[in-house]
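File shown: input.cif (mmCIF, C-alpha atoms).
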```
data_query
#
loop_
_atom_site.label_atom_id
_atom_site.label_comp_id
_atom_site.auth_asym_id
_atom_site.auth_seq_id
_atom_site.Cartn_x
_atom_site.Cartn_y
_atom_site.Cartn_z
CA MET A 22 -0.58 -5.12 28.72
CA ALA A 23 3.19 -5.28 28.74
CA SER A 24 3.16 -9.06 28.77
CA ARG A 25 1.07 -9.12 25.61
CA LEU A 26 3.28 -6.65 23.78
CA GLY A 27 6.61 -8.11 24.76
CA SER A 28 9.60 -6.76 26.66
CA LEU A 29 10.75 -3.23 26.13
CA PRO A 30 14.17 -2.57 24.61
CA PRO A 31 16.77 -1.97 27.39
CA GLN A 32 17.38 1.61 26.28
CA LEU A 33 13.75 2.47 27.03
CA THR A 34 13.41 0.92 30.46
CA SER A 35 14.69 3.95 32.34
CA PRO A 36 11.85 6.23 33.47
CA ARG A 37 14.12 9.22 32.87
CA LEU A 38 13.97 8.64 29.13
CA LEU A 39 10.24 9.05 29.27
CA LEU A 40 10.25 12.56 30.73
CA LEU A 41 9.29 15.46 28.52
CA HIS A 42 11.79 17.47 26.54
CA ARG A 43 12.36 20.20 29.07
CA ARG A 44 13.81 17.65 31.51
CA ARG A 45 16.43 16.26 29.12
CA PRO A 46 19.36 18.68 29.14
CA ASN A 47 21.94 16.12 28.00
CA LEU A 48 20.44 15.62 24.51
CA PRO A 49 21.18 17.63 21.37
CA SER A 50 18.59 20.31 20.88
CA PHE A 51 17.16 22.57 18.29
CA SER A 52 15.82 25.94 19.23
CA TRP A 53 12.71 27.16 17.48
CA ARG A 54 10.41 29.35 19.53
CA ARG A 55 7.20 31.10 18.80
CA THR A 56 4.81 32.17 21.51
CA LEU A 57 1.17 33.03 21.30
CA ALA A 58 0.51 36.64 20.44
CA PRO A 59 1.43 38.73 23.52
CA ALA A 60 -1.88 40.53 23.36
CA HIS A 61 -3.64 37.19 23.91
CA ALA A 62 -1.27 35.64 26.46
CA ASP A 63 -2.99 33.69 29.19
CA ARG A 64 -2.61 34.49 32.81
CA LEU A 65 -2.40 31.77 35.39
CA PRO A 66 -2.07 32.24 39.15
CA THR A 67 1.43 31.77 40.55
CA SER A 68 1.93 29.02 43.10
CA SER A 69 3.11 31.48 45.73
CA SER A 70 -0.08 33.52 45.83
CA PRO A 71 -2.95 31.85 44.01
CA GLY A 72 -5.74 34.05 42.87
CA ASN A 73 -3.87 37.32 43.36
CA HIS A 74 -0.91 37.51 41.01
CA TYR A 75 -0.67 36.16 37.50
CA MET A 76 2.09 35.19 35.16
CA PRO A 77 1.92 34.79 31.37
CA LEU A 78 1.62 31.23 30.05
CA GLN A 79 3.54 30.89 26.79
CA VAL A 80 3.06 28.09 24.33
CA SER A 81 6.62 27.45 23.23
CA CYS A 82 7.84 25.44 20.27
CA ASN A 83 11.20 24.76 21.82
CA ALA A 84 12.17 21.14 22.25
CA GLN A 85 15.04 18.71 22.16
CA THR A 86 15.10 15.88 19.70
CA VAL A 87 15.62 12.34 20.82
CA VAL A 88 18.89 10.70 19.89
CA ALA A 89 18.26 8.16 17.15
CA THR A 90 18.40 4.66 18.56
CA SER A 91 19.48 1.77 16.38
CA MET A 92 16.93 -1.02 16.45
CA SER A 93 18.59 -3.03 13.67
CA GLN A 94 19.29 -5.95 15.99
CA GLY A 95 15.63 -6.27 16.94
CA THR A 96 12.92 -8.25 15.25
CA PRO A 97 11.74 -6.65 11.99
CA VAL A 98 8.16 -5.42 12.07
CA ARG A 99 5.59 -5.89 9.34
CA PRO A 100 4.77 -2.77 7.27
CA THR A 101 1.11 -3.54 7.90
CA SER A 102 1.47 -3.10 11.66
CA VAL A 103 -0.06 0.25 12.66
CA LEU A 104 -0.88 2.03 15.90
CA VAL A 105 -3.86 4.38 15.79
CA VAL A 106 -3.78 7.05 18.48
CA GLY A 107 -7.16 8.62 19.24
CA ALA A 108 -8.97 5.61 17.82
CA THR A 109 -12.34 6.34 19.48
CA GLY A 110 -12.74 9.80 17.93
CA THR A 111 -14.80 10.85 14.93
CA LEU A 112 -11.86 10.41 12.56
CA GLY A 113 -9.93 7.77 14.48
CA ARG A 114 -12.65 5.14 14.35
CA GLN A 115 -12.95 5.57 10.57
CA VAL A 116 -9.18 5.18 10.22
CA VAL A 117 -9.35 1.96 12.26
CA ARG A 118 -12.25 0.62 10.19
CA ARG A 119 -10.50 1.39 6.92
CA ALA A 120 -7.20 -0.10 8.07
CA LEU A 121 -8.87 -3.35 9.08
CA ASP A 122 -10.76 -3.53 5.79
CA GLU A 123 -7.47 -3.15 3.92
CA GLY A 124 -5.78 -5.94 5.88
CA TYR A 125 -3.67 -3.97 8.32
CA ASP A 126 -2.81 -5.32 11.78
CA VAL A 127 -4.34 -2.54 13.87
CA ARG A 128 -3.50 -1.63 17.43
CA CYS A 129 -5.45 1.18 19.12
CA LEU A 130 -4.05 3.38 21.86
CA VAL A 131 -6.99 4.32 24.08
CA ARG A 132 -7.05 6.27 27.31
CA PRO A 133 -8.44 4.32 30.28
CA ARG A 134 -12.13 5.14 30.48
CA PRO A 135 -15.27 3.98 32.31
CA ALA A 136 -16.87 2.84 29.03
CA PRO A 137 -14.41 0.45 27.30
CA ALA A 138 -13.88 0.76 23.56
CA ASP A 139 -15.38 -2.70 22.94
CA PHE A 140 -16.49 -1.78 19.42
CA LEU A 141 -12.84 -1.60 18.34
CA ARG A 142 -12.23 -5.15 19.60
CA ASP A 143 -15.43 -6.32 17.93
CA TRP A 144 -14.09 -4.98 14.63
CA GLY A 145 -10.86 -6.99 15.08
CA ALA A 146 -8.43 -4.39 16.42
CA THR A 147 -6.19 -4.82 19.45
CA VAL A 148 -6.84 -2.24 22.17
CA VAL A 149 -4.08 -1.13 24.53
CA ASN A 150 -4.43 1.40 27.32
CA GLY A 151 -2.18 4.43 27.36
CA ASP A 152 -2.32 8.12 28.12
CA LEU A 153 -0.30 10.76 26.26
CA SER A 154 -0.28 12.88 29.41
CA LYS A 155 1.59 10.02 31.15
CA PRO A 156 4.70 9.39 29.00
CA GLU A 157 5.64 6.23 30.90
CA THR A 158 2.60 4.49 29.35
CA ILE A 159 3.67 5.14 25.75
CA PRO A 160 6.68 2.86 24.94
CA ALA A 161 4.94 -0.46 25.55
CA THR A 162 2.24 0.46 23.03
CA LEU A 163 4.86 1.03 20.29
CA VAL A 164 6.55 -2.38 20.46
CA GLY A 165 6.19 -4.16 17.12
CA VAL A 166 4.64 -1.16 15.37
CA HIS A 167 5.72 0.05 11.92
CA THR A 168 3.51 3.16 11.50
CA VAL A 169 1.85 5.51 13.97
CA ILE A 170 -1.34 7.26 12.81
CA ASP A 171 -1.95 10.16 15.17
CA CYS A 172 -5.64 11.13 15.22
CA ALA A 173 -5.66 12.30 18.83
CA THR A 174 -6.82 15.75 19.82
CA GLY A 175 -8.76 17.28 22.66
CA ARG A 176 -12.40 16.44 23.24
CA PRO A 177 -14.95 19.28 23.14
CA GLU A 178 -15.96 18.76 26.78
CA GLU A 179 -12.40 19.03 28.10
CA PRO A 180 -10.88 22.34 29.23
CA ILE A 181 -8.87 23.78 26.37
CA ARG A 182 -5.96 24.77 28.61
CA THR A 183 -5.61 21.25 29.96
CA VAL A 184 -5.84 19.76 26.49
CA LEU A 185 -3.21 22.10 25.09
CA CYS A 186 -0.71 21.47 27.85
CA LEU A 187 -1.14 17.75 28.42
CA LEU A 188 -2.35 16.30 25.12
CA ASP A 189 -1.95 18.47 22.06
CA TRP A 190 1.56 19.66 22.94
CA GLU A 191 3.41 17.83 25.72
CA GLY A 192 1.71 14.52 24.99
CA LYS A 193 2.52 14.74 21.28
CA VAL A 194 6.14 15.67 22.01
CA ALA A 195 6.48 12.62 24.26
CA LEU A 196 4.86 10.37 21.64
CA ILE A 197 7.09 11.64 18.83
CA GLN A 198 10.21 11.27 20.97
CA CYS A 199 9.31 7.71 21.93
CA ALA A 200 8.54 6.88 18.30
CA LYS A 201 11.95 8.20 17.30
CA ALA A 202 13.75 6.27 20.02
CA MET A 203 12.00 3.01 19.17
CA GLY A 204 12.64 3.18 15.45
CA ILE A 205 9.07 3.72 14.22
CA GLN A 206 9.24 3.74 10.41
CA LYS A 207 6.52 6.30 9.68
CA TYR A 208 4.48 8.83 11.66
CA LEU A 209 1.29 10.29 10.22
CA PHE A 210 -0.05 13.41 11.92
CA TYR A 211 -3.40 15.12 11.35
CA SER A 212 -3.30 18.90 11.66
CA ILE A 213 -5.65 21.81 10.89
CA HIS A 214 -5.91 23.70 7.61
CA ASN A 215 -4.34 27.18 7.79
CA CYS A 216 -3.06 26.57 11.33
CA ASP A 217 0.00 28.67 10.48
CA GLN A 218 -2.21 31.69 9.77
CA HIS A 219 -3.91 31.89 13.16
CA PRO A 220 -1.33 32.20 15.98
CA GLU A 221 -4.01 33.85 18.12
CA VAL A 222 -5.92 30.55 18.32
CA PRO A 223 -4.16 28.31 20.88
CA LEU A 224 -5.17 24.96 19.38
CA MET A 225 -4.15 25.98 15.87
CA GLU A 226 -0.84 27.35 17.08
CA ILE A 227 -0.16 24.11 18.91
CA LYS A 228 -0.87 22.13 15.75
CA ARG A 229 1.60 24.30 13.86
CA CYS A 230 4.20 23.82 16.58
CA THR A 231 3.69 20.06 16.50
CA GLU A 232 4.13 20.04 12.72
CA LYS A 233 7.48 21.78 13.13
CA PHE A 234 8.58 19.50 15.93
CA LEU A 235 7.74 16.40 13.86
CA GLN A 236 9.52 17.80 10.79
CA ASP A 237 12.67 18.45 12.82
CA SER A 238 12.57 15.14 14.70
CA GLY A 239 14.12 13.14 11.84
CA LEU A 240 11.18 10.72 11.72
CA ASN A 241 9.81 9.70 8.35
CA HIS A 242 6.43 11.38 8.41
CA ILE A 243 3.35 12.65 6.60
CA ILE A 244 1.40 15.68 7.81
CA ILE A 245 -2.22 16.00 6.68
CA ARG A 246 -4.09 19.24 7.29
CA LEU A 247 -7.87 18.91 7.48
CA CYS A 248 -10.58 21.53 6.96
CA GLY A 249 -13.61 20.14 8.75
CA PHE A 250 -15.63 16.96 9.24
CA MET A 251 -18.95 16.49 7.50
CA GLN A 252 -20.10 14.41 10.48
CA GLY A 253 -19.76 17.43 12.77
CA LEU A 254 -22.53 19.21 10.89
CA ILE A 255 -25.08 16.59 11.93
CA GLY A 256 -25.07 17.47 15.59
CA GLN A 257 -24.39 21.14 15.05
CA TYR A 258 -27.08 21.90 12.48
CA ALA A 259 -29.07 18.95 11.12
CA VAL A 260 -30.37 17.48 14.39
CA PRO A 261 -31.28 20.83 16.02
CA ILE A 262 -33.22 21.87 12.89
CA LEU A 263 -35.13 18.59 12.84
CA GLU A 264 -35.91 19.01 16.54
CA GLU A 265 -36.94 22.63 15.97
CA LYS A 266 -34.22 23.94 18.24
CA SER A 267 -32.12 27.06 17.72
CA VAL A 268 -28.93 26.90 15.69
CA TRP A 269 -26.14 29.43 15.88
CA GLY A 270 -24.46 31.10 12.95
CA THR A 271 -22.32 34.10 12.10
CA ASP A 272 -22.31 36.64 9.33
CA ALA A 273 -18.73 35.72 8.40
CA PRO A 274 -18.10 34.89 4.73
CA THR A 275 -15.61 32.19 5.71
CA ARG A 276 -15.98 28.97 3.72
CA ILE A 277 -15.04 25.49 4.91
CA ALA A 278 -14.50 22.53 2.57
CA TYR A 279 -15.96 19.79 4.78
CA MET A 280 -15.06 16.15 4.15
CA ASP A 281 -16.57 12.85 5.16
CA THR A 282 -14.20 11.15 7.61
CA GLN A 283 -14.56 7.93 5.62
CA ASP A 284 -13.07 9.71 2.61
CA ILE A 285 -10.27 11.10 4.78
CA ALA A 286 -9.44 7.59 5.99
CA ARG A 287 -9.47 6.21 2.45
CA LEU A 288 -7.13 8.93 1.16
CA THR A 289 -4.90 8.49 4.20
CA PHE A 290 -3.97 4.95 3.28
CA ILE A 291 -3.43 5.88 -0.35
CA ALA A 292 -0.94 8.49 0.87
CA MET A 293 0.73 6.05 3.27
CA ARG A 294 1.46 3.59 0.47
CA ASN A 295 2.98 6.25 -1.78
CA GLU A 296 6.63 6.68 -0.83
CA LYS A 297 6.83 9.88 -2.89
CA ILE A 298 4.61 11.55 -0.29
CA ASP A 299 6.94 10.79 2.63
CA LYS A 300 7.97 13.93 4.55
CA LYS A 301 5.32 15.96 2.74
CA LEU A 302 2.59 18.25 4.04
CA LEU A 303 -0.79 17.61 2.44
CA THR A 304 -4.17 19.30 2.71
CA PHE A 305 -7.37 17.29 2.37
CA ALA A 306 -10.46 19.29 1.44
CA GLY A 307 -13.92 18.57 0.15
CA PRO A 308 -15.04 19.38 -3.42
CA ARG A 309 -16.93 22.49 -2.29
CA ALA A 310 -16.44 25.07 0.45
CA TRP A 311 -19.54 26.14 2.41
CA THR A 312 -20.43 29.17 4.48
CA THR A 313 -22.40 28.68 7.69
CA GLN A 314 -25.52 30.12 6.07
CA GLU A 315 -25.23 27.75 3.10
CA VAL A 316 -24.99 24.78 5.45
CA ILE A 317 -28.10 25.92 7.32
CA THR A 318 -29.99 26.47 4.05
CA LEU A 319 -29.09 22.96 2.86
CA CYS A 320 -30.26 21.42 6.15
CA GLU A 321 -33.52 23.38 5.91
CA ARG A 322 -34.14 22.05 2.42
CA LEU A 323 -33.41 18.45 3.40
CA ALA A 324 -35.49 18.71 6.58
CA GLY A 325 -38.38 20.41 4.79
CA GLN A 326 -38.68 23.08 7.46
CA ASP A 327 -37.23 26.44 8.40
CA ALA A 328 -34.50 26.75 11.00
CA ASN A 329 -34.63 28.97 14.06
CA VAL A 330 -31.32 30.74 13.43
CA THR A 331 -29.57 33.03 15.87
CA THR A 332 -26.94 35.01 13.97
CA VAL A 333 -24.03 36.43 15.95
CA PRO A 334 -22.01 39.12 14.15
CA VAL A 335 -18.27 38.48 14.00
CA SER A 336 -17.68 41.89 15.60
CA ILE A 337 -19.54 40.70 18.71
CA LEU A 338 -17.43 37.53 18.83
CA LYS A 339 -14.24 39.59 18.66
CA PHE A 340 -15.39 41.97 21.40
CA THR A 341 -16.47 39.10 23.66
CA ARG A 342 -13.15 37.31 23.13
CA GLN A 343 -11.19 40.43 24.08
CA LEU A 344 -13.34 40.89 27.17
CA THR A 345 -13.01 37.31 28.38
CA ARG A 346 -9.21 37.49 28.06
CA PHE A 347 -9.11 39.72 31.12
CA PHE A 348 -10.22 36.94 33.46
CA GLN A 349 -8.50 33.65 34.17
CA TRP A 350 -11.78 31.76 34.64
CA THR A 351 -13.02 32.78 31.17
CA ASN A 352 -9.84 31.89 29.25
CA ASP A 353 -11.45 28.74 27.87
CA VAL A 354 -14.36 30.79 26.58
CA ALA A 355 -11.96 33.22 24.90
CA ASP A 356 -10.12 30.36 23.21
CA ARG A 357 -13.32 28.85 21.85
CA LEU A 358 -14.41 32.24 20.53
CA ALA A 359 -11.05 32.68 18.81
CA PHE A 360 -11.49 29.29 17.16
CA SER A 361 -14.99 30.29 16.05
CA GLU A 362 -13.57 33.40 14.41
CA ALA A 363 -10.93 31.33 12.60
CA ASP A 364 -13.63 29.00 11.30
#
```

So, in terms of structure tokens, how does the structure I just supplied come out?
Amino acid sequence: MASRLGSLPPQLTSPRLLLLHRRRPNLPSFSWRRTLAPAHADRLPTSSSPGNHYMPLQVSCNAQTVVATSMSQGTPVRPTSVLVVGATGTLGRQVVRRALDEGYDVRCLVRPRPAPADFLRDWGATVVNGDLSKPETIPATLVGVHTVIDCATGRPEEPIRTVLCLLDWEGKVALIQCAKAMGIQKYLFYSIHNCDQHPEVPLMEIKRCTEKFLQDSGLNHIIIRLCGFMQGLIGQYAVPILEEKSVWGTDAPTRIAYMDTQDIARLTFIAMRNEKIDKKLLTFAGPRAWTTQEVITLCERLAGQDANVTTVPVSILKFTRQLTRFFQWTNDVADRLAFSEAD
């Protein structure tokens, strides 16, 4: 991979530069901390006595910014050269497709996996292997890149705690630091709508922390907060109703303005080309906000049949989340319940 992308700049060849922020005491730092609500702090076993004693795990927005590195003597990169991180996801693949259609030179950062992302190559993108949880794999993927489009986030089947620690926080910090050091011209980050209003939800708090870290990094950036993907409703509601399976809902009046990921990708590149939007925080939302019950009713009408709906009161979700917080092995369940309440 490195031979295809070219040699790394000398200032990035030291493995020490690739370590995460907490291992870099010699760099200027900013201090900005906010932990998860103490009442919802996780408890992990200490290394000295696993399974018996626990210590709080705090998600901390405290990092040290990378020293700006002058790349003016290097080869200029084309503004159309983009790196899409998380290119195999629901949104990422639409971003790749749109970028290629608009004439961009697209490189996709993909984690090594048993099933290769051949469809990205078939579309005309260049695929490079890298893993945000392994910072030493990041710099080579950034050589010759003008803009980073960060679509990466945890997969539903992965443990939330692992995702938060290795991908959605530490991995993003390493990626942003490497982008800063290598002179990336623009960094676009997808976040979650209202993430600053739900510190009790670990994933949303991490998104808010990453927003702040990116804003303070000095990189030219755009932050886009998203409400929800229309495509997610297919597997969650439409298919189960067609197959006469149960669907789950709540009695919460919360409304979500879902968007088609193709529309998100289209608007993304409009924003990228508008220099007035640089260093701005945007929110993309659909034309109408839907409650869970309205979504189910629409699917019933389109399917021509009634749904077998199991409604879970929000009060039950809250009680279950509080209960599962008492046990380390149910922390992931508690986090998912908290996210359900926020939705």

Which of these residues is nearest to Arg322 (chain A), using only C-alpha atoms: A:Ala292, A:Leu263, A:Ala306, A:Met203? A:Leu263

Apply the PyMOL selection byres ((chain A and resi 324) around 8) to the displayed file and report the matching residues as a ChimeraX atom specification. /A:259,262-263,320-323,325-326

To verify the selection step, state as an NGL selection string which residues the PyMOL selection byres ((chain A and resi 134) around 12) yields on this input. :A and (109 or 130-133 or 135-139 or 149-152)

Next, the residues of the selection above should be written as a PDB file, in the coordinates of the input with C-alpha atoms.
```pdb
ATOM      1  CA  THR A 109     -12.340   6.340  19.480  1.00  0.00           C
ATOM      2  CA  LEU A 130      -4.050   3.380  21.860  1.00  0.00           C
ATOM      3  CA  VAL A 131      -6.990   4.320  24.080  1.00  0.00           C
ATOM      4  CA  ARG A 132      -7.050   6.270  27.310  1.00  0.00           C
ATOM      5  CA  PRO A 133      -8.440   4.320  30.280  1.00  0.00           C
ATOM      6  CA  PRO A 135     -15.270   3.980  32.310  1.00  0.00           C
ATOM      7  CA  ALA A 136     -16.870   2.840  29.030  1.00  0.00           C
ATOM      8  CA  PRO A 137     -14.410   0.450  27.300  1.00  0.00           C
ATOM      9  CA  ALA A 138     -13.880   0.760  23.560  1.00  0.00           C
ATOM     10  CA  ASP A 139     -15.380  -2.700  22.940  1.00  0.00           C
ATOM     11  CA  VAL A 149      -4.080  -1.130  24.530  1.00  0.00           C
ATOM     12  CA  ASN A 150      -4.430   1.400  27.320  1.00  0.00           C
ATOM     13  CA  GLY A 151      -2.180   4.430  27.360  1.00  0.00           C
ATOM     14  CA  ASP A 152      -2.320   8.120  28.120  1.00  0.00           C
TER      15      ASP A 152
END
```

Do you know which residues are at most 7 Å from Ile227 (chain A) counting all atoms listed in the file, after dropping those on the same chain fewer than 3 positions away, and could you put them as a PyMOL selection string? chain A and resi 189-190+223-224+230-231

Could you write out the selected residues, including C-alpha atoms, as a PDB file, keeping the file's coordinate frame?
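After the write, selection05.pdb holds the following:
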```
ATOM      1  CA  ASP A 189      -1.950  18.470  22.060  1.00  0.00           C
ATOM      2  CA  TRP A 190       1.560  19.660  22.940  1.00  0.00           C
ATOM      3  CA  PRO A 223      -4.160  28.310  20.880  1.00  0.00           C
ATOM      4  CA  LEU A 224      -5.170  24.960  19.380  1.00  0.00           C
ATOM      5  CA  CYS A 230       4.200  23.820  16.580  1.00  0.00           C
ATOM      6  CA  THR A 231       3.690  20.060  16.500  1.00  0.00           C
TER       7      THR A 231
END
```

Measuring atom to atom with all atoms listed in the file, identify which of A:Ala108, A:Val260, A:Leu319, A:Ile197 is nearest to Gln236 (chain A).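 Residue with the minimum atom-to-atom distance to Gln236 (chain A): A:Ile197.
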
Judged by all atoms listed in the file, the minimum distance to Gly107 (chain A) among A:Arg119, A:Lys207, A:Arg128, A:Arg276 is found for A:Arg128

Separation of CA of Ser154 (chain A) from CA of Glu191 (chain A), in Å and rounded to one decimal: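 CA of Glu191 (chain A) lies 7.2 Å from CA of Ser154 (chain A).
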
Of the candidates A:Gly145, A:Gly239, A:Gly253, A:Pro308, which shows the shortest atom-to-atom distance to Ile205 (chain A), using all atoms listed in the file?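 Residue with the minimum atom-to-atom distance to Ile205 (chain A): A:Gly239.
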
Nearest to Val169 (chain A): which of A:Ser238, A:Ser102, A:Thr304, A:Gln257 is it, counting only C-alpha atoms?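 Of the candidates, the smallest distance to Val169 (chain A) is held by A:Ser102.
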
Restricting the calculation to all atoms listed in the file, which member of A:Arg114, A:Lys228, A:Arg246, A:Lys233 is positioned closest to Leu303 (chain A)? A:Arg246

Show which residues sit within 7 Å of region 216-219 of chain A, as a list of chain:residue names. Count only C-alpha atoms, and ignore same-chain residues fewer than 5 positions away.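 After dropping sequence-adjacent residues, the list is A:Met225, A:Glu226, A:Lys228, A:Arg229.
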
CA of Lys193 (chain A) to CA of Thr174 (chain A), distance in Å rounded to a single decimal: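 Distance reported for this atom pair: 9.5 Å.
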
The PyMOL selection byres ((chain A and resi 210) around 9) - which residues does that actually catch in the file I just gave you? List them as a compact mmCIF listing (two decimals) with C-alpha atoms, keeping the file's coordinate frame.
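Saved to expr.txt:
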```
# COMPACT_ATOMS: atom_id res chain seq x y z
CA VAL A 169 1.85 5.51 13.97
CA ILE A 170 -1.34 7.26 12.81
CA ASP A 171 -1.95 10.16 15.17
CA CYS A 172 -5.64 11.13 15.22
CA ALA A 173 -5.66 12.30 18.83
CA TYR A 208 4.48 8.83 11.66
CA LEU A 209 1.29 10.29 10.22
CA TYR A 211 -3.40 15.12 11.35
CA SER A 212 -3.30 18.90 11.66
CA THR A 231 3.69 20.06 16.50
CA GLU A 232 4.13 20.04 12.72
CA LEU A 235 7.74 16.40 13.86
CA HIS A 242 6.43 11.38 8.41
CA ILE A 243 3.35 12.65 6.60
CA ILE A 244 1.40 15.68 7.81
CA ILE A 245 -2.22 16.00 6.68
CA ARG A 246 -4.09 19.24 7.29
```

For CA of Asn295 (chain A) and CA of Lys201 (chain A), the interatomic separation in Å (one decimal):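 If I compute the distance from CA of Asn295 (chain A) to CA of Lys201 (chain A), I get 21.2 Å.
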